Amino acid sequence: MPTEPAASPIRVLVVEDRAAIREAIALLLGWTAGFACAGAAGSAEEALALPPDVVPDVVLLDVGLPGMSGVQALAPLKRRWPRAEVLMLTVHDDADAVFAALEAGASGYLVKATPPDEVLAAIRELHGGGAPMSASVARKVVQAFRRPDRADGLSPREREVLDLLVAGKTGRQIAEALFVSPTTIAFHVRQIYEKLHVHTRGEAVAHVLGGRGPR
């Protein structure tokens with residue numbers, strides 16, 4: 001009986017200026033089944049200069065890079081690898097930084113204190129169509145989105161998920177509470193973030209953040 005071919009590993013490009021962190025993540029990816037390190041760079045400029053055979057599925061991108069910042073790098077990185085999803089990994093979890101990254105094209109946002117196994121889970125979730133965010137980041141995003149004039153476009157189920165996110169629940173906990181699969185919750189969260197993303201361009205971003213806008 002023929003066997004099904006093994007699934008291809010998720011190829012991750014690590015863009016992080018601190019060598020110790022960059023090398024640790026690269027080793028973690030190389031040692032973990034289902035993942036592969038597509039490349040590692042200490043700056044956005046270095047990443048963009050990688051050879052053509054580097055084709056990542058996910059870019060793990062630090063915000064505080066030397067030279068071009070992570071947020072500034074999002075557009076050229078997306079042009080270079082249009083099918084790659086970008087997961088921000090940073091010490092910044094303030095609302096301005098989050099919205100700036102989302103507006104520029106990021107699909108997920110983790111703080112650097114995230115444990116390695118959760119980073120891997122977030123990469124897997126992102127590659128599967130989800131929109132992973134650290135709990136502290138997610139709460140700030142969805143709290144901004146809970147304004148009455150911002151939540152009109154949400155479905156009843158998305159409102160339920162939103163309330164549980166604001167309460168600090170994880171995707172798995174929300175799935176258990178609503179008696180659905182984690183994959184279904186990942187889809188709902190992605191829809192919520194996409195709706196927020198669509199409506200936070202230009203002056204709308206400043207409106208959501210009380211007039212501050214992204215830095």
# chains A, B, ... in the order shown; residues from 1 in each chain; ligands from 1
$ select_by_dssp --residues "segment 34-176 of chain A" --states "helix (DSSP H, G or I)" --output "compact mmCIF listing (two decimals) with all heavy atoms, in the first residue's frame"
# COMPACT_ATOMS: atom_id res chain seq x y z
N ALA A 44 17.74 43.75 8.11
CA ALA A 44 16.83 43.63 6.97
C ALA A 44 17.61 43.68 5.67
O ALA A 44 17.31 42.96 4.71
CB ALA A 44 15.80 44.75 7.03
N GLU A 45 18.62 44.56 5.63
CA GLU A 45 19.43 44.68 4.42
C GLU A 45 20.12 43.36 4.10
O GLU A 45 20.19 42.95 2.92
CB GLU A 45 20.47 45.79 4.61
CG GLU A 45 19.90 47.20 4.68
CD GLU A 45 19.40 47.60 6.07
OE1 GLU A 45 19.38 46.73 6.98
OE2 GLU A 45 19.05 48.77 6.24
N GLU A 46 20.62 42.69 5.13
CA GLU A 46 21.27 41.40 4.94
C GLU A 46 20.27 40.35 4.46
O GLU A 46 20.58 39.53 3.58
CB GLU A 46 21.92 40.94 6.24
CG GLU A 46 22.73 39.67 6.15
CD GLU A 46 23.35 39.27 7.48
OE1 GLU A 46 23.54 40.14 8.34
OE2 GLU A 46 23.63 38.05 7.65
N ALA A 47 19.07 40.39 5.00
CA ALA A 47 18.04 39.44 4.59
C ALA A 47 17.67 39.63 3.13
O ALA A 47 17.54 38.66 2.36
CB ALA A 47 16.80 39.60 5.48
N LEU A 48 17.52 40.88 2.71
CA LEU A 48 17.13 41.17 1.33
C LEU A 48 18.24 40.84 0.33
O LEU A 48 17.97 40.70 -0.86
CB LEU A 48 16.74 42.65 1.20
CG LEU A 48 15.45 43.03 1.92
CD1 LEU A 48 15.31 44.55 2.03
CD2 LEU A 48 14.24 42.43 1.20
N GLY A 70 12.35 46.87 11.60
CA GLY A 70 11.50 45.76 11.19
C GLY A 70 10.25 46.22 10.49
O GLY A 70 9.84 45.64 9.47
N VAL A 71 9.61 47.28 11.00
CA VAL A 71 8.39 47.79 10.37
C VAL A 71 8.71 48.35 8.99
O VAL A 71 7.98 48.11 8.02
CB VAL A 71 7.73 48.86 11.26
CG1 VAL A 71 6.56 49.52 10.54
CG2 VAL A 71 7.24 48.24 12.57
N GLN A 72 9.80 49.09 8.86
CA GLN A 72 10.20 49.63 7.56
C GLN A 72 10.55 48.51 6.58
O GLN A 72 10.38 48.67 5.36
CB GLN A 72 11.41 50.55 7.72
CG GLN A 72 11.11 51.84 8.48
CD GLN A 72 12.38 52.61 8.82
OE1 GLN A 72 13.46 52.03 8.96
NE2 GLN A 72 12.25 53.91 8.98
N ALA A 73 11.02 47.40 7.10
CA ALA A 73 11.45 46.29 6.24
C ALA A 73 10.29 45.46 5.73
O ALA A 73 10.46 44.69 4.78
CB ALA A 73 12.41 45.39 7.01
N LEU A 74 9.12 45.59 6.33
CA LEU A 74 8.00 44.72 5.95
C LEU A 74 7.66 44.82 4.46
O LEU A 74 7.48 43.80 3.80
CB LEU A 74 6.77 45.05 6.80
CG LEU A 74 6.74 44.35 8.17
CD1 LEU A 74 5.77 45.04 9.11
CD2 LEU A 74 6.36 42.89 8.00
N ALA A 75 7.56 46.03 3.94
CA ALA A 75 7.18 46.20 2.53
C ALA A 75 8.19 45.56 1.58
O ALA A 75 7.81 44.76 0.71
CB ALA A 75 6.97 47.67 2.20
N PRO A 76 9.49 45.86 1.69
CA PRO A 76 10.45 45.21 0.77
C PRO A 76 10.54 43.70 0.98
O PRO A 76 10.73 42.95 0.02
CB PRO A 76 11.78 45.90 1.07
CG PRO A 76 11.61 46.56 2.39
CD PRO A 76 10.17 46.91 2.49
N LEU A 77 10.38 43.24 2.21
CA LEU A 77 10.40 41.79 2.45
C LEU A 77 9.21 41.12 1.79
O LEU A 77 9.33 40.04 1.20
CB LEU A 77 10.42 41.50 3.95
CG LEU A 77 11.73 41.77 4.69
CD1 LEU A 77 11.53 41.66 6.20
CD2 LEU A 77 12.82 40.81 4.24
N LYS A 78 8.04 41.76 1.87
CA LYS A 78 6.84 41.20 1.24
C LYS A 78 6.95 41.24 -0.28
O LYS A 78 6.41 40.38 -0.97
CB LYS A 78 5.59 41.95 1.71
CG LYS A 78 5.27 41.79 3.19
CD LYS A 78 4.79 40.40 3.52
CE LYS A 78 3.35 40.18 3.12
NZ LYS A 78 2.86 38.85 3.58
N ARG A 79 7.63 42.24 -0.81
CA ARG A 79 7.85 42.27 -2.26
C ARG A 79 8.79 41.15 -2.68
O ARG A 79 8.61 40.52 -3.73
CB ARG A 79 8.42 43.63 -2.69
CG ARG A 79 7.40 44.75 -2.72
CD ARG A 79 7.93 45.95 -3.47
NE ARG A 79 9.10 46.55 -2.83
CZ ARG A 79 9.06 47.50 -1.93
NH1 ARG A 79 7.89 47.98 -1.53
NH2 ARG A 79 10.18 48.00 -1.42
N ARG A 80 9.82 40.91 -1.87
CA ARG A 80 10.80 39.86 -2.20
C ARG A 80 10.15 38.48 -2.07
O ARG A 80 10.40 37.60 -2.92
CB ARG A 80 12.00 39.99 -1.24
CG ARG A 80 12.98 38.82 -1.28
CD ARG A 80 13.88 38.84 -2.48
NE ARG A 80 14.65 37.63 -2.59
CZ ARG A 80 15.86 37.44 -2.07
NH1 ARG A 80 16.46 38.41 -1.39
NH2 ARG A 80 16.50 36.30 -2.23
N ALA A 95 0.50 49.58 21.91
CA ALA A 95 -0.49 49.59 20.83
C ALA A 95 0.04 50.26 19.57
O ALA A 95 -0.23 49.81 18.46
CB ALA A 95 -1.77 50.28 21.31
N ASP A 96 0.80 51.35 19.71
CA ASP A 96 1.32 52.04 18.54
C ASP A 96 2.19 51.12 17.69
O ASP A 96 2.05 51.05 16.47
CB ASP A 96 2.14 53.26 18.96
CG ASP A 96 1.28 54.39 19.50
OD1 ASP A 96 0.05 54.30 19.36
OD2 ASP A 96 1.84 55.34 20.04
N ALA A 97 3.11 50.40 18.35
CA ALA A 97 4.01 49.51 17.62
C ALA A 97 3.24 48.37 16.96
O ALA A 97 3.54 47.97 15.84
CB ALA A 97 5.08 48.96 18.57
N VAL A 98 2.25 47.83 17.68
CA VAL A 98 1.45 46.73 17.13
C VAL A 98 0.72 47.18 15.88
O VAL A 98 0.77 46.51 14.83
CB VAL A 98 0.45 46.20 18.17
CG1 VAL A 98 -0.47 45.17 17.55
CG2 VAL A 98 1.18 45.61 19.36
N PHE A 99 0.02 48.31 15.95
CA PHE A 99 -0.75 48.76 14.79
C PHE A 99 0.14 49.15 13.63
O PHE A 99 -0.21 48.93 12.47
CB PHE A 99 -1.66 49.92 15.19
CG PHE A 99 -2.95 49.47 15.80
CD1 PHE A 99 -3.09 49.38 17.16
CD2 PHE A 99 -4.03 49.11 15.01
CE1 PHE A 99 -4.26 48.95 17.75
CE2 PHE A 99 -5.20 48.67 15.57
CZ PHE A 99 -5.34 48.58 16.94
N ALA A 100 1.30 49.72 13.92
CA ALA A 100 2.23 50.05 12.84
C ALA A 100 2.66 48.79 12.10
O ALA A 100 2.72 48.77 10.87
CB ALA A 100 3.45 50.78 13.40
N ALA A 101 2.95 47.73 12.84
CA ALA A 101 3.38 46.47 12.22
C ALA A 101 2.24 45.83 11.44
O ALA A 101 2.43 45.34 10.32
CB ALA A 101 3.90 45.51 13.29
N LEU A 102 1.03 45.82 12.02
CA LEU A 102 -0.11 45.23 11.32
C LEU A 102 -0.43 46.00 10.05
O LEU A 102 -0.72 45.42 9.01
CB LEU A 102 -1.34 45.20 12.24
CG LEU A 102 -1.27 44.26 13.44
CD1 LEU A 102 -2.50 44.45 14.32
CD2 LEU A 102 -1.15 42.82 13.00
N GLU A 103 -0.38 47.32 10.14
CA GLU A 103 -0.67 48.13 8.97
C GLU A 103 0.35 47.90 7.87
O GLU A 103 0.02 47.94 6.68
CB GLU A 103 -0.71 49.61 9.34
CG GLU A 103 -1.17 50.49 8.18
CD GLU A 103 -1.06 51.97 8.50
OE1 GLU A 103 -0.20 52.34 9.33
OE2 GLU A 103 -1.82 52.74 7.93
N ALA A 104 1.59 47.63 8.26
CA ALA A 104 2.66 47.43 7.28
C ALA A 104 2.68 46.03 6.68
O ALA A 104 3.44 45.77 5.75
CB ALA A 104 4.02 47.74 7.93
N PRO A 116 10.17 29.11 23.79
CA PRO A 116 10.47 28.52 22.49
C PRO A 116 9.36 27.64 21.92
O PRO A 116 9.05 27.72 20.72
CB PRO A 116 11.73 27.70 22.74
CG PRO A 116 12.40 28.40 23.88
CD PRO A 116 11.29 28.90 24.75
N ASP A 117 8.72 26.81 22.78
CA ASP A 117 7.67 25.94 22.25
C ASP A 117 6.47 26.75 21.77
O ASP A 117 5.81 26.37 20.80
CB ASP A 117 7.24 24.91 23.31
CG ASP A 117 6.73 25.55 24.59
OD1 ASP A 117 7.14 26.68 24.90
OD2 ASP A 117 5.93 24.90 25.29
N GLU A 118 6.22 27.90 22.41
CA GLU A 118 5.11 28.75 21.97
C GLU A 118 5.45 29.50 20.69
O GLU A 118 4.57 29.79 19.88
CB GLU A 118 4.72 29.72 23.09
CG GLU A 118 4.11 29.03 24.31
CD GLU A 118 3.66 30.00 25.38
OE1 GLU A 118 3.47 31.20 25.05
OE2 GLU A 118 3.51 29.57 26.54
N VAL A 119 6.73 29.82 20.50
CA VAL A 119 7.16 30.44 19.24
C VAL A 119 6.92 29.46 18.09
O VAL A 119 6.39 29.83 17.04
CB VAL A 119 8.64 30.86 19.30
CG1 VAL A 119 9.11 31.34 17.92
CG2 VAL A 119 8.86 31.95 20.34
N LEU A 120 7.31 28.20 18.30
CA LEU A 120 7.09 27.18 17.27
C LEU A 120 5.60 27.00 17.00
O LEU A 120 5.17 26.90 15.84
CB LEU A 120 7.70 25.85 17.71
CG LEU A 120 9.23 25.80 17.80
CD1 LEU A 120 9.67 24.46 18.38
CD2 LEU A 120 9.87 26.04 16.44
N ALA A 121 4.79 26.98 18.06
CA ALA A 121 3.34 26.83 17.88
C ALA A 121 2.77 28.02 17.11
O ALA A 121 1.89 27.86 16.27
CB ALA A 121 2.66 26.71 19.25
N ALA A 122 3.30 29.22 17.37
CA ALA A 122 2.82 30.41 16.68
C ALA A 122 3.20 30.36 15.19
O ALA A 122 2.40 30.73 14.33
CB ALA A 122 3.41 31.66 17.33
N ILE A 123 4.41 29.89 14.89
CA ILE A 123 4.82 29.75 13.49
C ILE A 123 3.91 28.76 12.77
O ILE A 123 3.47 29.01 11.65
CB ILE A 123 6.29 29.30 13.40
CG1 ILE A 123 7.22 30.40 13.94
CG2 ILE A 123 6.66 28.94 11.96
CD1 ILE A 123 8.66 29.96 14.09
N ARG A 124 3.63 27.66 13.44
CA ARG A 124 2.75 26.65 12.85
C ARG A 124 1.34 27.20 12.63
O ARG A 124 0.72 26.99 11.59
CB ARG A 124 2.70 25.41 13.76
CG ARG A 124 2.01 24.21 13.12
CD ARG A 124 1.99 23.02 14.06
NE ARG A 124 3.32 22.48 14.31
CZ ARG A 124 3.96 22.57 15.46
NH1 ARG A 124 3.42 23.20 16.49
NH2 ARG A 124 5.17 22.04 15.61
N GLU A 125 0.84 27.95 13.63
CA GLU A 125 -0.49 28.54 13.51
C GLU A 125 -0.54 29.56 12.38
O GLU A 125 -1.49 29.58 11.59
CB GLU A 125 -0.86 29.22 14.83
CG GLU A 125 -2.23 29.90 14.82
CD GLU A 125 -2.54 30.63 16.11
OE1 GLU A 125 -1.85 30.39 17.12
OE2 GLU A 125 -3.48 31.45 16.10
N LEU A 126 0.48 30.39 12.27
CA LEU A 126 0.54 31.39 11.22
C LEU A 126 0.56 30.72 9.85
O LEU A 126 -0.18 31.12 8.93
CB LEU A 126 1.78 32.26 11.40
CG LEU A 126 1.99 33.38 10.39
CD1 LEU A 126 0.88 34.41 10.49
CD2 LEU A 126 3.35 34.04 10.62
N HIS A 127 1.39 29.70 9.69
CA HIS A 127 1.50 28.98 8.42
C HIS A 127 0.19 28.29 8.07
O HIS A 127 -0.12 28.10 6.88
CB HIS A 127 2.63 27.95 8.51
CG HIS A 127 2.93 27.27 7.22
ND1 HIS A 127 3.28 27.95 6.07
CD2 HIS A 127 2.94 25.94 6.89
CE1 HIS A 127 3.49 27.08 5.10
NE2 HIS A 127 3.29 25.87 5.56
N ALA A 135 -0.54 37.14 24.39
CA ALA A 135 -1.77 37.53 25.07
C ALA A 135 -1.81 39.02 25.37
O ALA A 135 -2.84 39.68 25.17
CB ALA A 135 -1.91 36.73 26.36
N SER A 136 -0.68 39.59 25.80
CA SER A 136 -0.67 41.02 26.13
C SER A 136 -0.91 41.87 24.89
O SER A 136 -1.58 42.91 24.94
CB SER A 136 0.67 41.40 26.77
OG SER A 136 1.75 41.18 25.87
N VAL A 137 -0.39 41.42 23.75
CA VAL A 137 -0.58 42.14 22.50
C VAL A 137 -2.02 42.00 22.04
O VAL A 137 -2.67 42.99 21.66
CB VAL A 137 0.38 41.60 21.41
CG1 VAL A 137 0.07 42.23 20.07
CG2 VAL A 137 1.82 41.86 21.80
N ALA A 138 -2.55 40.78 22.07
CA ALA A 138 -3.91 40.54 21.61
C ALA A 138 -4.92 41.36 22.39
O ALA A 138 -5.87 41.91 21.83
CB ALA A 138 -4.24 39.05 21.73
N ARG A 139 -4.72 41.46 23.70
CA ARG A 139 -5.67 42.22 24.51
C ARG A 139 -5.71 43.68 24.09
O ARG A 139 -6.76 44.29 24.01
CB ARG A 139 -5.30 42.10 25.99
CG ARG A 139 -5.79 40.81 26.63
CD ARG A 139 -5.75 40.90 28.14
NE ARG A 139 -4.39 40.98 28.66
CZ ARG A 139 -3.65 39.92 28.94
NH1 ARG A 139 -4.12 38.70 28.73
NH2 ARG A 139 -2.43 40.07 29.42
N LYS A 140 -4.53 44.25 23.80
CA LYS A 140 -4.49 45.65 23.39
C LYS A 140 -5.15 45.86 22.03
O LYS A 140 -5.86 46.84 21.81
CB LYS A 140 -3.04 46.14 23.36
CG LYS A 140 -2.45 46.25 24.76
CD LYS A 140 -1.00 46.66 24.74
CE LYS A 140 -0.47 46.72 26.18
NZ LYS A 140 0.95 47.06 26.24
N VAL A 141 -4.94 44.91 21.12
CA VAL A 141 -5.55 45.02 19.80
C VAL A 141 -7.07 44.91 19.90
O VAL A 141 -7.80 45.74 19.37
CB VAL A 141 -5.00 43.92 18.86
CG1 VAL A 141 -5.77 43.89 17.56
CG2 VAL A 141 -3.52 44.17 18.58
N VAL A 142 -7.54 43.88 20.60
CA VAL A 142 -8.98 43.66 20.62
C VAL A 142 -9.70 44.67 21.50
O VAL A 142 -10.86 45.00 21.25
CB VAL A 142 -9.33 42.21 21.04
CG1 VAL A 142 -8.78 41.22 20.04
CG2 VAL A 142 -8.83 41.90 22.44
N GLN A 143 -9.04 45.21 22.51
CA GLN A 143 -9.66 46.25 23.31
C GLN A 143 -9.91 47.49 22.48
O GLN A 143 -10.94 48.14 22.60
CB GLN A 143 -8.80 46.58 24.53
CG GLN A 143 -8.95 45.55 25.64
CD GLN A 143 -7.91 45.70 26.73
OE1 GLN A 143 -6.93 46.43 26.58
NE2 GLN A 143 -8.10 45.00 27.83
N ALA A 144 -8.97 47.82 21.59
CA ALA A 144 -9.17 48.94 20.68
C ALA A 144 -10.33 48.65 19.73
O ALA A 144 -11.11 49.52 19.38
CB ALA A 144 -7.89 49.21 19.89
N PHE A 145 -10.44 47.37 19.34
CA PHE A 145 -11.46 46.98 18.39
C PHE A 145 -12.85 46.88 19.02
O PHE A 145 -13.84 46.80 18.32
CB PHE A 145 -11.06 45.64 17.78
CG PHE A 145 -11.73 45.35 16.46
CD1 PHE A 145 -12.29 46.34 15.69
CD2 PHE A 145 -11.77 44.04 15.99
CE1 PHE A 145 -12.89 46.05 14.47
CE2 PHE A 145 -12.35 43.74 14.78
CZ PHE A 145 -12.92 44.74 14.02
N PRO A 156 -21.67 37.49 15.26
CA PRO A 156 -21.90 37.12 16.67
C PRO A 156 -20.82 36.20 17.22
O PRO A 156 -20.37 36.37 18.37
CB PRO A 156 -23.27 36.43 16.62
CG PRO A 156 -23.97 37.07 15.47
CD PRO A 156 -22.88 37.29 14.45
N ARG A 157 -20.36 35.25 16.42
CA ARG A 157 -19.32 34.33 16.89
C ARG A 157 -18.01 35.08 17.10
O ARG A 157 -17.28 34.83 18.06
CB ARG A 157 -19.13 33.18 15.89
CG ARG A 157 -18.02 32.22 16.26
CD ARG A 157 -18.28 31.57 17.62
NE ARG A 157 -18.99 30.32 17.48
CZ ARG A 157 -19.40 29.57 18.49
NH1 ARG A 157 -19.19 29.98 19.73
NH2 ARG A 157 -20.06 28.46 18.29
N GLU A 158 -17.69 36.00 16.18
CA GLU A 158 -16.46 36.78 16.33
C GLU A 158 -16.51 37.65 17.59
O GLU A 158 -15.50 37.84 18.26
CB GLU A 158 -16.23 37.64 15.09
CG GLU A 158 -15.78 36.82 13.88
CD GLU A 158 -15.85 37.59 12.57
OE1 GLU A 158 -16.42 38.70 12.56
OE2 GLU A 158 -15.34 37.08 11.56
N ARG A 159 -17.69 38.14 17.94
CA ARG A 159 -17.84 38.91 19.17
C ARG A 159 -17.57 38.03 20.39
O ARG A 159 -16.96 38.48 21.36
CB ARG A 159 -19.25 39.52 19.26
CG ARG A 159 -19.47 40.68 18.29
CD ARG A 159 -20.94 41.09 18.29
NE ARG A 159 -21.20 42.15 17.33
CZ ARG A 159 -21.15 43.45 17.61
NH1 ARG A 159 -20.85 43.85 18.84
NH2 ARG A 159 -21.40 44.35 16.68
N GLU A 160 -18.05 36.79 20.34
CA GLU A 160 -17.78 35.86 21.44
C GLU A 160 -16.28 35.62 21.59
O GLU A 160 -15.74 35.65 22.70
CB GLU A 160 -18.48 34.52 21.18
CG GLU A 160 -19.98 34.52 21.36
CD GLU A 160 -20.55 33.13 21.18
OE1 GLU A 160 -20.69 32.70 20.01
OE2 GLU A 160 -20.85 32.47 22.19
N VAL A 161 -15.63 35.37 20.45
CA VAL A 161 -14.18 35.12 20.48
C VAL A 161 -13.46 36.36 20.99
O VAL A 161 -12.52 36.27 21.79
CB VAL A 161 -13.69 34.73 19.07
CG1 VAL A 161 -12.16 34.66 19.04
CG2 VAL A 161 -14.29 33.40 18.63
N LEU A 162 -13.90 37.52 20.55
CA LEU A 162 -13.29 38.78 20.96
C LEU A 162 -13.37 38.96 22.47
O LEU A 162 -12.38 39.33 23.12
CB LEU A 162 -14.01 39.93 20.24
CG LEU A 162 -13.39 41.33 20.35
CD1 LEU A 162 -12.01 41.35 19.74
CD2 LEU A 162 -14.30 42.34 19.67
N ASP A 163 -14.53 38.70 23.04
CA ASP A 163 -14.69 38.85 24.49
C ASP A 163 -13.74 37.92 25.25
O ASP A 163 -13.17 38.30 26.28
CB ASP A 163 -16.14 38.55 24.90
CG ASP A 163 -17.09 39.67 24.51
OD1 ASP A 163 -16.62 40.82 24.34
OD2 ASP A 163 -18.30 39.41 24.38
N LEU A 164 -13.59 36.71 24.75
CA LEU A 164 -12.70 35.75 25.42
C LEU A 164 -11.23 36.13 25.25
O LEU A 164 -10.42 35.92 26.15
CB LEU A 164 -12.97 34.34 24.90
CG LEU A 164 -14.34 33.76 25.31
CD1 LEU A 164 -14.67 32.51 24.53
CD2 LEU A 164 -14.35 33.46 26.81
N LEU A 165 -10.89 36.71 24.11
CA LEU A 165 -9.53 37.20 23.91
C LEU A 165 -9.21 38.33 24.88
O LEU A 165 -8.15 38.37 25.47
CB LEU A 165 -9.35 37.70 22.47
CG LEU A 165 -9.12 36.65 21.38
CD1 LEU A 165 -9.18 37.32 20.01
CD2 LEU A 165 -7.80 35.93 21.55
N VAL A 166 -10.16 39.24 25.03
CA VAL A 166 -9.97 40.36 25.95
C VAL A 166 -9.79 39.85 27.37
O VAL A 166 -9.06 40.42 28.17
CB VAL A 166 -11.15 41.34 25.86
CG1 VAL A 166 -11.08 42.38 26.97
CG2 VAL A 166 -11.17 42.03 24.52
N GLY A 171 -6.07 30.52 22.48
CA GLY A 171 -6.90 29.93 21.43
C GLY A 171 -7.47 28.59 21.83
O GLY A 171 -8.64 28.29 21.56
N ARG A 172 -6.66 27.77 22.49
CA ARG A 172 -7.14 26.45 22.93
C ARG A 172 -8.23 26.59 23.99
O ARG A 172 -9.22 25.86 23.97
CB ARG A 172 -5.99 25.61 23.46
CG ARG A 172 -6.36 24.18 23.80
CD ARG A 172 -5.13 23.34 24.04
NE ARG A 172 -4.31 23.22 22.84
CZ ARG A 172 -4.57 22.37 21.86
NH1 ARG A 172 -5.62 21.56 21.93
NH2 ARG A 172 -3.78 22.32 20.81
N GLN A 173 -8.06 27.53 24.91
CA GLN A 173 -9.08 27.73 25.94
C GLN A 173 -10.39 28.24 25.34
O GLN A 173 -11.47 27.84 25.77
CB GLN A 173 -8.55 28.72 26.99
CG GLN A 173 -7.45 28.16 27.87
CD GLN A 173 -6.79 29.22 28.73
OE1 GLN A 173 -6.77 30.41 28.38
NE2 GLN A 173 -6.23 28.81 29.87
N ILE A 174 -10.27 29.10 24.34
CA ILE A 174 -11.48 29.60 23.68
C ILE A 174 -12.18 28.46 22.94
O ILE A 174 -13.41 28.34 22.97
CB ILE A 174 -11.13 30.74 22.70
CG1 ILE A 174 -10.57 31.94 23.46
CG2 ILE A 174 -12.35 31.15 21.88
CD1 ILE A 174 -10.03 33.04 22.59
N ALA A 175 -11.40 27.61 22.29
CA ALA A 175 -11.98 26.46 21.57
C ALA A 175 -12.74 25.56 22.54
O ALA A 175 -13.85 25.10 22.23
CB ALA A 175 -10.88 25.68 20.86
N GLU A 176 -12.16 25.32 23.70
CA GLU A 176 -12.83 24.47 24.69
C GLU A 176 -14.10 25.14 25.21
O GLU A 176 -15.13 24.48 25.39
CB GLU A 176 -11.88 24.19 25.85
CG GLU A 176 -10.70 23.28 25.45
CD GLU A 176 -9.67 23.15 26.57
OE1 GLU A 176 -9.82 23.85 27.59
OE2 GLU A 176 -8.73 22.35 26.40
$ residues_around --residues "Leu27 of chain A" --least-positions-apart "6" --cutoff "10 Å" --atoms "only C-alpha atoms" --output "list in words"
Ile21, Ala36 and Cys37 of chain A
$ write_last_selection --atoms "C-alpha atoms" --output "PDB file, in the first residue's frame"
ATOM      1  CA  ILE A  21      19.018  34.920  19.836  1.00  0.00           C
ATOM      2  CA  ALA A  36      13.576  24.191   8.784  1.00  0.00           C
ATOM      3  CA  CYS A  37      15.707  27.317   9.023  1.00  0.00           C
TER       4      CYS A  37
END
$ select_by_dssp --residues "segment 33-126 of chain A" --states "strand (DSSP E or B)" --output "short mmCIF file (atom, residue, chain, number, x, y, z; two decimals) with N, CA, C and O atoms, in the first residue's frame"
data_model
loop_
_atom_site.label_atom_id
_atom_site.label_comp_id
_atom_site.auth_asym_id
_atom_site.auth_seq_id
_atom_site.Cartn_x
_atom_site.Cartn_y
_atom_site.Cartn_z
N PHE A 35 9.99 21.71 10.92
CA PHE A 35 10.51 23.06 10.70
C PHE A 35 11.88 22.99 10.04
O PHE A 35 12.59 22.00 10.15
N ALA A 36 12.25 24.07 9.37
CA ALA A 36 13.58 24.19 8.78
C ALA A 36 13.96 25.66 8.80
O ALA A 36 13.11 26.54 8.58
N CYS A 37 15.22 25.94 9.07
CA CYS A 37 15.71 27.32 9.02
C CYS A 37 16.11 27.62 7.58
O CYS A 37 17.08 27.06 7.06
N ALA A 38 15.34 28.50 6.94
CA ALA A 38 15.62 28.84 5.54
C ALA A 38 16.81 29.77 5.42
O ALA A 38 17.44 29.87 4.37
N GLY A 39 17.12 30.47 6.51
CA GLY A 39 18.22 31.40 6.50
C GLY A 39 18.18 32.25 7.75
O GLY A 39 17.19 32.25 8.48
N ALA A 40 19.27 32.98 8.02
CA ALA A 40 19.34 33.85 9.18
C ALA A 40 20.12 35.10 8.80
O ALA A 40 21.11 35.02 8.08
N ALA A 41 19.61 36.24 9.26
CA ALA A 41 20.25 37.51 8.92
C ALA A 41 20.22 38.43 10.13
O ALA A 41 19.30 38.39 10.94
N VAL A 58 7.72 31.52 6.27
CA VAL A 58 7.48 32.47 7.36
C VAL A 58 8.76 33.26 7.61
O VAL A 58 9.86 32.69 7.59
N VAL A 59 8.63 34.55 7.83
CA VAL A 59 9.75 35.39 8.22
C VAL A 59 9.54 35.79 9.68
O VAL A 59 8.52 36.39 10.02
N LEU A 60 10.49 35.43 10.53
CA LEU A 60 10.46 35.82 11.93
C LEU A 60 11.29 37.09 12.02
O LEU A 60 12.51 37.06 11.84
N LEU A 61 10.63 38.21 12.28
CA LEU A 61 11.26 39.52 12.08
C LEU A 61 11.28 40.35 13.37
O LEU A 61 10.23 40.61 13.97
N GLU A 85 4.52 34.71 5.17
CA GLU A 85 3.85 35.41 6.26
C GLU A 85 4.93 35.95 7.20
O GLU A 85 5.98 35.34 7.37
N VAL A 86 4.65 37.09 7.82
CA VAL A 86 5.65 37.72 8.69
C VAL A 86 5.15 37.72 10.13
O VAL A 86 4.04 38.17 10.43
N LEU A 87 5.99 37.18 11.01
CA LEU A 87 5.69 37.13 12.44
C LEU A 87 6.71 38.01 13.16
O LEU A 87 7.91 37.75 13.13
N MET A 88 6.22 39.08 13.78
CA MET A 88 7.09 39.98 14.51
C MET A 88 7.47 39.37 15.85
O MET A 88 6.61 38.81 16.54
N LEU A 89 8.73 39.48 16.22
CA LEU A 89 9.21 39.00 17.51
C LEU A 89 9.99 40.15 18.14
O LEU A 89 11.07 40.50 17.65
N THR A 90 9.46 40.75 19.19
CA THR A 90 10.01 42.00 19.67
C THR A 90 9.73 42.24 21.13
O THR A 90 8.89 41.58 21.74
N GLY A 108 1.34 38.44 12.55
CA GLY A 108 1.37 37.99 13.92
C GLY A 108 2.38 38.80 14.69
O GLY A 108 3.25 39.47 14.11
N TYR A 109 2.28 38.76 16.04
CA TYR A 109 3.12 39.64 16.85
C TYR A 109 3.37 38.97 18.19
O TYR A 109 2.45 38.79 18.98
N LEU A 110 4.62 38.58 18.45
CA LEU A 110 5.00 37.95 19.70
C LEU A 110 6.03 38.79 20.45
O LEU A 110 6.89 39.41 19.82
N VAL A 111 5.95 38.77 21.77
CA VAL A 111 6.99 39.42 22.57
C VAL A 111 8.15 38.45 22.72
O VAL A 111 7.98 37.23 22.66
#
$ closest_residue --among "A:Gln191, A:Thr184, A:Ser155, A:Ser134" --to "Thr170 of chain A" --atoms "only C-alpha atoms"
A:Ser134
$ atom_distance --atom1 "atom CA of Ala106 of chain A" --atom2 "atom CA of Thr183 of chain A"
20.0 Å
$ atom_distance --atom1 "atom CA of Gly42 of chain A" --atom2 "atom CA of Gly129 of chain A"
27.2 Å
$ closest_residue --among "A:Lys112, A:Pro82, A:Ser107, A:Asp53" --to "Arg18 of chain A" --atoms "only C-alpha atoms"
A:Lys112
$ residues_around --residues "Pro66 of chain A" --least-positions-apart "3" --cutoff "8 Å" --atoms "only C-alpha atoms" --output "list in words"
Asp17, Ser43 and Ser69 of chain A
$ write_last_selection --atoms "C-alpha atoms" --output "PDB file, in the first residue's frame"
ATOM      1  CA  ASP A  17      20.324  41.474  15.095  1.00  0.00           C
ATOM      2  CA  SER A  43      19.562  43.037   9.529  1.00  0.00           C
ATOM      3  CA  SER A  69      13.669  48.849  11.218  1.00  0.00           C
TER       4      SER A  69
END
